[in-house]
file model_24.tsv (TSV, C-alpha atoms and all ligand atoms)
chain	number	residue	atom	x	y	z
A	1176	MET	CA	91.80	49.78	102.60
A	1177	ASP	CA	89.09	47.10	102.28
A	1178	GLN	CA	85.82	48.67	103.50
A	1179	ASN	CA	85.05	45.82	105.87
A	1180	LEU	CA	88.50	46.08	107.42
A	1181	PHE	CA	87.98	49.84	107.80
A	1182	GLU	CA	84.67	49.22	109.64
A	1183	GLN	CA	86.40	46.71	111.90
A	1184	LYS	CA	89.10	49.23	112.82
A	1185	TYR	CA	86.48	51.97	113.25
A	1186	MET	CA	84.42	49.84	115.63
A	1187	GLU	CA	87.56	48.66	117.44
A	1188	LYS	CA	88.33	52.32	118.19
A	1189	SER	CA	84.78	53.26	119.12
A	1190	TRP	CA	84.48	50.43	121.67
A	1191	LYS	CA	87.48	51.97	123.43
A	1192	ILE	CA	85.64	55.30	123.81
A	1193	LYS	CA	83.69	55.29	127.03
A	1194	LYS	CA	81.05	57.74	125.78
A	1195	ASN	CA	80.05	55.36	122.97
A	1196	PRO	CA	76.24	55.16	123.53
A	1197	TYR	CA	76.40	51.41	123.02
A	1198	GLN	CA	78.63	51.20	126.10
A	1199	LYS	CA	75.51	51.22	128.22
A	1200	TYR	CA	74.15	47.95	129.51
A	1201	ILE	CA	70.49	48.91	129.21
A	1202	ILE	CA	68.28	46.47	127.31
A	1203	GLU	CA	66.05	48.03	124.63
A	1204	GLU	CA	62.31	47.58	125.25
A	1205	SER	CA	62.01	45.89	121.84
A	1206	VAL	CA	64.55	43.25	122.91
A	1207	LYS	CA	62.59	42.64	126.11
A	1208	LYS	CA	59.41	42.25	124.04
A	1209	TRP	CA	61.21	39.74	121.84
A	1210	ALA	CA	62.24	37.77	124.93
A	1211	GLN	CA	58.59	37.75	125.99
A	1212	PHE	CA	57.56	36.56	122.51
A	1213	LEU	CA	60.04	33.64	122.76
A	1214	LYS	CA	58.78	32.79	126.24
A	1215	GLU	CA	55.17	32.69	125.06
A	1216	LYS	CA	56.18	30.43	122.16
A	1217	LYS	CA	58.16	28.28	124.64
A	1218	ILE	CA	61.30	28.60	122.51
A	1219	LYS	CA	64.45	27.34	124.25
A	1220	GLY	CA	67.91	26.21	123.24
A	1221	LYS	CA	70.79	27.93	121.48
A	1222	LEU	CA	70.82	31.62	120.65
A	1223	LEU	CA	73.35	33.45	118.47
A	1224	ASP	CA	73.87	37.20	119.05
A	1225	VAL	CA	75.33	38.67	115.84
A	1226	GLY	CA	77.44	41.81	116.38
A	1227	CYS	CA	77.09	41.38	120.14
A	1228	GLY	CA	78.97	44.61	121.03
A	1229	ASN	CA	79.47	44.80	124.82
A	1230	GLY	CA	77.53	41.55	125.32
A	1231	LYS	CA	74.55	43.03	127.16
A	1232	ASN	CA	71.93	41.18	125.07
A	1233	SER	CA	73.92	37.92	125.16
A	1234	VAL	CA	74.04	38.07	128.96
A	1235	TYR	CA	70.36	38.99	129.10
A	1236	PHE	CA	69.30	35.96	127.03
A	1237	ALA	CA	71.66	33.65	128.94
A	1238	GLN	CA	69.86	34.80	132.11
A	1239	LYS	CA	66.64	33.73	130.40
A	1240	GLY	CA	68.00	30.20	130.02
A	1241	PHE	CA	69.36	30.25	126.46
A	1242	LYS	CA	72.74	28.77	125.61
A	1243	VAL	CA	74.22	31.91	124.07
A	1244	LEU	CA	77.10	32.59	121.71
A	1245	GLY	CA	77.86	36.25	121.03
A	1246	VAL	CA	80.00	37.02	117.98
A	1247	ASP	CA	81.58	40.30	116.97
A	1248	PHE	CA	84.39	41.10	114.54
A	1249	THR	CA	86.14	43.42	117.02
A	1250	LYS	CA	88.44	42.10	119.70
A	1251	GLU	CA	87.62	45.01	122.00
A	1252	ALA	CA	83.88	44.19	121.91
A	1253	ILE	CA	84.55	40.55	122.71
A	1254	ASN	CA	86.84	41.54	125.61
A	1255	LEU	CA	84.12	43.85	126.99
A	1256	SER	CA	81.51	41.10	126.56
A	1257	GLN	CA	83.63	38.53	128.33
A	1258	LYS	CA	84.33	40.93	131.21
A	1259	TYR	CA	80.64	41.79	131.54
A	1260	ALA	CA	79.65	38.10	131.46
A	1261	ASN	CA	82.21	37.37	134.18
A	1262	THR	CA	80.84	40.10	136.45
A	1263	LYS	CA	77.34	38.67	135.97
A	1264	LYS	CA	78.57	35.06	136.34
A	1265	SER	CA	76.89	34.45	132.98
A	1266	SER	CA	77.17	31.28	130.92
A	1267	ALA	CA	77.22	33.30	127.66
A	1268	LYS	CA	80.22	32.54	125.43
A	1269	PHE	CA	81.88	34.92	123.00
A	1270	GLU	CA	83.98	34.58	119.85
A	1271	ILE	CA	85.62	36.97	117.43
A	1272	LYS	CA	83.92	36.28	114.11
A	1273	ASP	CA	82.97	38.27	111.04
A	1274	ILE	CA	79.40	37.51	109.97
A	1275	THR	CA	80.26	38.35	106.35
A	1276	LYS	CA	83.07	35.77	106.17
A	1277	LYS	CA	83.22	32.02	105.75
A	1278	GLN	CA	84.14	31.53	109.40
A	1279	PHE	CA	81.09	29.51	110.45
A	1280	ASN	CA	80.75	25.79	109.88
A	1281	ASN	CA	78.21	24.87	112.52
A	1282	GLU	CA	75.19	23.91	110.45
A	1283	LYS	CA	71.65	24.77	111.52
A	1284	GLU	CA	72.57	24.92	115.18
A	1285	TYR	CA	70.56	27.84	116.53
A	1286	GLU	CA	66.90	28.02	117.54
A	1287	VAL	CA	67.23	31.81	117.68
A	1288	VAL	CA	69.46	34.39	115.99
A	1289	ILE	CA	69.39	38.06	117.01
A	1290	ASP	CA	70.94	41.07	115.31
A	1291	CYS	CA	70.59	44.34	117.21
A	1292	GLY	CA	72.25	46.95	115.04
A	1293	CYS	CA	74.86	44.96	113.11
A	1294	LEU	CA	73.36	44.60	109.61
A	1295	HIS	CA	72.65	48.34	109.39
A	1296	HIS	CA	76.42	48.93	109.42
A	1297	LEU	CA	77.08	46.51	106.54
A	1298	ARG	CA	77.35	47.79	103.01
A	1299	LYS	CA	74.88	46.19	100.59
A	1300	LYS	CA	77.60	44.19	98.84
A	1301	TYR	CA	78.03	42.17	102.07
A	1302	TRP	CA	74.34	41.46	102.62
A	1303	ASN	CA	74.23	38.19	100.68
A	1304	GLN	CA	77.20	36.75	102.52
A	1305	TYR	CA	75.57	37.84	105.79
A	1306	LYS	CA	72.34	36.10	104.81
A	1307	LYS	CA	74.20	32.94	103.72
A	1308	ASN	CA	75.73	32.70	107.19
A	1309	ILE	CA	72.41	33.31	108.96
A	1310	LEU	CA	70.83	30.55	106.86
A	1311	ARG	CA	73.77	28.25	107.56
A	1312	LEU	CA	73.42	28.82	111.30
A	1313	ILE	CA	69.69	28.99	112.02
A	1314	LYS	CA	67.59	25.84	112.41
A	1315	GLU	CA	64.61	25.04	110.20
A	1316	LYS	CA	61.68	27.04	111.62
A	1317	GLY	CA	64.19	28.96	113.78
A	1318	TYR	CA	63.46	32.53	114.88
A	1319	PHE	CA	65.35	35.59	113.71
A	1320	TYR	CA	65.17	39.02	115.39
A	1321	LEU	CA	66.57	41.97	113.47
A	1322	HIS	CA	66.59	45.63	114.33
A	1323	GLY	CA	68.21	48.46	112.43
A	1324	PHE	CA	67.71	52.14	111.69
A	1325	SER	CA	64.48	52.84	109.86
A	1326	VAL	CA	64.21	54.79	106.63
A	1327	ASN	CA	62.09	57.20	108.70
A	1328	SER	CA	65.23	58.16	110.62
A	1329	LYS	CA	66.64	59.78	107.50
A	1330	LYS	CA	64.79	63.04	108.20
A	1331	ILE	CA	66.42	63.26	111.60
A	1332	ASP	CA	69.80	62.46	110.20
A	1333	ASN	CA	69.68	64.80	107.18
A	1334	VAL	CA	70.38	62.01	104.75
A	1335	SER	CA	69.94	62.68	101.03
A	1336	LYS	CA	66.45	61.89	99.73
A	1337	LYS	CA	67.97	59.73	97.03
A	1338	ARG	CA	69.69	57.21	99.25
A	1339	ASN	CA	68.94	55.01	102.23
A	1340	TRP	CA	72.44	55.17	103.61
A	1341	VAL	CA	75.08	57.54	104.86
A	1342	VAL	CA	78.86	57.37	105.28
A	1343	ARG	CA	80.30	59.45	108.11
A	1344	LYS	CA	84.06	59.51	108.61
A	1345	GLY	CA	84.12	56.39	106.45
A	1346	HIS	CA	81.60	54.60	108.71
A	1347	TYR	CA	78.55	53.19	106.90
A	1348	THR	CA	74.98	53.33	108.23
A	1349	HIS	CA	71.93	52.02	106.42
A	1350	PHE	CA	68.29	53.04	106.95
A	1351	PHE	CA	65.95	50.15	106.23
A	1352	SER	CA	62.61	50.13	104.50
A	1353	ILE	CA	60.28	47.19	105.04
A	1354	LYS	CA	60.62	46.34	101.34
A	1355	GLU	CA	64.41	46.04	101.53
A	1356	VAL	CA	64.16	43.55	104.37
A	1357	GLN	CA	61.41	41.67	102.57
A	1358	ASP	CA	63.52	41.53	99.40
A	1359	LEU	CA	66.57	40.28	101.29
A	1360	PHE	CA	64.92	37.73	103.61
A	1361	GLY	CA	61.39	37.19	102.27
A	1362	LYS	CA	62.24	34.04	100.29
A	1363	ASP	CA	63.64	32.25	103.33
A	1364	PHE	CA	61.83	33.85	106.25
A	1365	LYS	CA	58.27	34.71	107.12
A	1366	ILE	CA	58.04	38.21	108.65
A	1367	ILE	CA	55.84	37.67	111.69
A	1368	GLU	CA	55.82	41.25	112.94
A	1369	THR	CA	57.53	44.56	112.29
A	1370	TYR	CA	57.33	47.85	114.18
A	1371	GLU	CA	59.28	51.04	114.81
A	1372	PHE	CA	60.60	52.45	118.06
A	1373	LYS	CA	62.92	55.23	119.24
A	1374	ASN	CA	66.34	53.96	120.28
A	1375	LEU	CA	67.82	54.36	123.75
A	1376	ASN	CA	69.29	57.81	123.22
A	1377	ASN	CA	66.01	58.88	121.57
A	1378	LYS	CA	67.84	60.06	118.46
A	1379	PHE	CA	66.91	57.46	115.87
A	1380	ILE	CA	63.87	55.58	114.71
A	1381	VAL	CA	64.65	51.90	114.65
A	1382	ARG	CA	62.64	49.17	112.93
A	1383	THR	CA	62.32	45.72	114.42
A	1384	PHE	CA	61.56	42.55	112.47
A	1385	TYR	CA	60.43	39.26	114.00
A	1386	MET	CA	61.06	36.50	111.45
A	1387	GLN	CA	60.79	32.75	111.24
A	1388	ARG	CA	62.76	30.50	108.90
A	1389	ILE	CA	60.42	28.89	106.39
B	1401	LIG	C1	75.83	49.23	116.74
B	1401	LIG	S1	76.79	48.01	117.51
B	1401	LIG	C2	75.52	47.11	118.39
B	1401	LIG	C3	76.05	46.23	119.48
B	1401	LIG	C4	75.02	45.39	120.26
B	1401	LIG	N1	74.37	44.44	119.41
B	1401	LIG	C5	74.01	46.27	120.96
B	1401	LIG	O1	72.80	46.07	120.75
B	1401	LIG	O2	74.43	47.14	121.72
B	1401	LIG	C6	77.14	46.95	116.12
B	1401	LIG	C7	78.13	45.85	116.42
B	1401	LIG	O3	78.24	45.00	115.26
B	1401	LIG	C8	79.60	44.66	115.09
B	1401	LIG	N2	79.81	44.30	113.68
B	1401	LIG	C9	79.75	45.14	112.62
B	1401	LIG	N3	80.03	44.45	111.49
B	1401	LIG	C10	80.27	43.17	111.86
B	1401	LIG	C11	80.62	41.99	111.15
B	1401	LIG	N4	80.81	42.01	109.81
B	1401	LIG	N5	80.76	40.82	111.82
B	1401	LIG	C12	80.59	40.80	113.17
B	1401	LIG	N6	80.29	41.89	113.91
B	1401	LIG	C13	80.12	43.07	113.26
B	1401	LIG	C14	80.36	45.90	115.54
B	1401	LIG	O4	81.70	45.62	115.90
B	1401	LIG	C15	79.53	46.38	116.72
B	1401	LIG	O5	79.99	45.83	117.94
call {"tool": "encode", "arguments": {"input": "model_24.tsv", "output": "structure tokens"}}
result
Amino acid sequence: MDQNLFEQKYMEKSWKIKKNPYQKYIIEESVKKWAQFLKEKKIKGKLLDVGCGNGKNSVYFAQKGFKVLGVDFTKEAINLSQKYANTKKSSAKFEIKDITKKQFNNEKEYEVVIDCGCLHHLRKKYWNQYKKNILRLIKEKGYFYLHGFSVNSKKIDNVSKKRNWVVRKGHYTHFFSIKEVQDLFGKDFKIIETYEFKNLNNKFIVRTFYMQRI
């Protein structure tokens, strides 16, 4: 089976499991800090939430006044997002889309793009297509927030010293170094800030990147 299709099916299943840690609707402190950063910069307008999961961040940014579109390649995640948005009477919209595919034609539409834990589940061979889509979607001088597992999480996760990734039950997880993110985005984005934090269930070290399109 195509690896991307496998991941889609894997995530489809895991969104149906209630004990999935991402089921929670708690906003990470780093996401709140990012919202504060945008407020201080007086950034408004359209925000794209890539790999939106249960929609918690989409709803959060819609509450802050952004016109939000959350995209995820699993139907189950989009259903959960839509339900959550309805309960919160949120204006956030959701669509099933794969960020590695040519499914986006809206050019340079978004002031802000956020990715909270999507790219770290994409195999390296999909990274360029991912980046092409981000560049297609984000406005000139637009802001890009990315967080993913840090290479410093490897120790916790018993990952081989030789690699920055692990495959468990066929599911891919990447552990980012600053250099990898610089190599992937550095030509097109300025990295404004980067820092590490412990994720919600305190198990992993996550690295956050604040970027701006050059
Ligand atoms: C770890 S979850 C994070 C969800 C949410 N952003 C959060 O912070 O809770 C990653 C999400 O990315 C989605 N995803 C993974 N690969 C994707 C792709 N190629 N296109 C769109 N969504 C994808 C998964 O379905 C999953 O919902």
call {"tool": "closest_atom_pairs", "arguments": {"input": "model_24.tsv", "of": "chain A", "to": "ligand LIG 1401 (chain B)", "cutoff": "6 Å", "atoms": "all atoms listed in the file", "output": "JSON lines"}}
result
{"residue": "A:Met1186", "atom": "CA", "partner": "B:LIG1401", "partner_atom": "O4", "distance": 5.0}
{"residue": "A:Tyr1197", "atom": "CA", "partner": "B:LIG1401", "partner_atom": "O2", "distance": 4.9}
{"residue": "A:Gly1226", "atom": "CA", "partner": "B:LIG1401", "partner_atom": "O3", "distance": 3.5}
{"residue": "A:Cys1227", "atom": "CA", "partner": "B:LIG1401", "partner_atom": "N1", "distance": 4.2}
{"residue": "A:Gly1228", "atom": "CA", "partner": "B:LIG1401", "partner_atom": "O5", "distance": 3.5}
{"residue": "A:Asp1247", "atom": "CA", "partner": "B:LIG1401", "partner_atom": "N6", "distance": 3.7}
{"residue": "A:Phe1248", "atom": "CA", "partner": "B:LIG1401", "partner_atom": "C12", "distance": 4.1}
{"residue": "A:Thr1249", "atom": "CA", "partner": "B:LIG1401", "partner_atom": "O4", "distance": 5.1}
{"residue": "A:Ala1252", "atom": "CA", "partner": "B:LIG1401", "partner_atom": "O5", "distance": 5.8}
{"residue": "A:Lys1272", "atom": "CA", "partner": "B:LIG1401", "partner_atom": "C12", "distance": 5.7}
{"residue": "A:Asp1273", "atom": "CA", "partner": "B:LIG1401", "partner_atom": "N5", "distance": 3.5}
{"residue": "A:Ile1274", "atom": "CA", "partner": "B:LIG1401", "partner_atom": "N5", "distance": 4.0}
{"residue": "A:Thr1275", "atom": "CA", "partner": "B:LIG1401", "partner_atom": "N4", "distance": 5.1}
{"residue": "A:Cys1291", "atom": "CA", "partner": "B:LIG1401", "partner_atom": "N1", "distance": 4.4}
{"residue": "A:Gly1292", "atom": "CA", "partner": "B:LIG1401", "partner_atom": "C1", "distance": 4.6}
{"residue": "A:Cys1293", "atom": "CA", "partner": "B:LIG1401", "partner_atom": "O3", "distance": 4.0}
{"residue": "A:His1296", "atom": "CA", "partner": "B:LIG1401", "partner_atom": "C9", "distance": 6.0}
call {"tool": "atom_distance", "arguments": {"input": "model_24.tsv", "atom1": "atom CA of A:Val1287", "atom2": "atom CA of A:Asn1303"}}
result
19.5 Å
call {"tool": "residues_around", "arguments": {"input": "model_24.tsv", "residues": "A:Phe1372", "least_positions_apart": "5", "cutoff": "8 Å", "atoms": "only C-alpha atoms", "output": "PyMOL selection string"}}
result
chain A and resi 1205+1380-1383
call {"tool": "residues_around", "arguments": {"input": "model_24.tsv", "residues": "A:Lys1208", "least_positions_apart": "2", "cutoff": "12 Å", "atoms": "only C-alpha atoms", "output": "list in words"}}
result
Ile1202, Glu1203, Glu1204, Ser1205, Val1206, Ala1210, Gln1211, Phe1212, Leu1213, Lys1214, Glu1215, Tyr1320, Glu1368, Tyr1370, Phe1372, Thr1383, Phe1384 and Tyr1385 of chain A
call {"tool": "write_last_selection", "arguments": {"input": "model_24.tsv", "atoms": "C-alpha atoms", "output": "PDB file, keeping the file's coordinate frame"}}
result
ATOM      1  CA  ILE A1202      68.280  46.470 127.310  1.00  0.00           C
ATOM      2  CA  GLU A1203      66.050  48.030 124.630  1.00  0.00           C
ATOM      3  CA  GLU A1204      62.310  47.580 125.250  1.00  0.00           C
ATOM      4  CA  SER A1205      62.010  45.890 121.840  1.00  0.00           C
ATOM      5  CA  VAL A1206      64.550  43.250 122.910  1.00  0.00           C
ATOM      6  CA  ALA A1210      62.240  37.770 124.930  1.00  0.00           C
ATOM      7  CA  GLN A1211      58.590  37.750 125.990  1.00  0.00           C
ATOM      8  CA  PHE A1212      57.560  36.560 122.510  1.00  0.00           C
ATOM      9  CA  LEU A1213      60.040  33.640 122.760  1.00  0.00           C
ATOM     10  CA  LYS A1214      58.780  32.790 126.240  1.00  0.00           C
ATOM     11  CA  GLU A1215      55.170  32.690 125.060  1.00  0.00           C
ATOM     12  CA  TYR A1320      65.170  39.020 115.390  1.00  0.00           C
ATOM     13  CA  GLU A1368      55.820  41.250 112.940  1.00  0.00           C
ATOM     14  CA  TYR A1370      57.330  47.850 114.180  1.00  0.00           C
ATOM     15  CA  PHE A1372      60.600  52.450 118.060  1.00  0.00           C
ATOM     16  CA  THR A1383      62.320  45.720 114.420  1.00  0.00           C
ATOM     17  CA  PHE A1384      61.560  42.550 112.470  1.00  0.00           C
ATOM     18  CA  TYR A1385      60.430  39.260 114.000  1.00  0.00           C
TER      19      TYR A1385
END
call {"tool": "axis_aligned_box", "arguments": {"input": "model_24.tsv", "around": "stretch 1373-1377 of chain A", "padding_each_side": "8 Å", "output": "AutoDock Vina command-line options"}}
result
--center_x 66.1 --center_y 56.4 --center_z 121.5 --size_x 22.4 --size_y 20.9 --size_z 20.5
call {"tool": "closest_residue", "arguments": {"input": "model_24.tsv", "among": "A:Lys1221, A:Arg1311, A:Arg1388, A:Leu1294", "to": "A:Phe1351", "atoms": "only C-alpha atoms"}}
result
A:Leu1294
call {"tool": "closest_residue", "arguments": {"input": "model_24.tsv", "among": "A:Met1386, A:Ala1237, A:Leu1359, A:Ile1271", "to": "A:Gln1183", "atoms": "all atoms listed in the file"}}
result
A:Ile1271
call {"tool": "residues_near_point", "arguments": {"input": "model_24.tsv", "point": "(72.3, 49.0, 108.6)", "cutoff": "10 Å", "atoms": "all atoms listed in the file", "output": "PyMOL selection string"}}
result
chain A and resi 1291-1299+1302+1322-1325+1339-1341+1347-1351
call {"tool": "atom_distance", "arguments": {"input": "model_24.tsv", "atom1": "atom CA of A:Asn1261", "atom2": "atom CA of A:Ile1201"}}
result
17.2 Å
call {"tool": "atom_distance", "arguments": {"input": "model_24.tsv", "atom1": "atom CA of A:Val1288", "atom2": "atom CA of A:Ile1313"}}
result
6.7 Å
call {"tool": "residues_around", "arguments": {"input": "model_24.tsv", "residues": "A:Leu1255", "least_positions_apart": "3", "cutoff": "10 Å", "atoms": "only C-alpha atoms", "output": "list in words"}}
result
Trp1190, Lys1191, Gln1198, Gly1228, Asn1229, Gly1230, Lys1231, Lys1250, Glu1251, Ala1252, Lys1258, Tyr1259, Ala1260 and Asn1261 of chain A
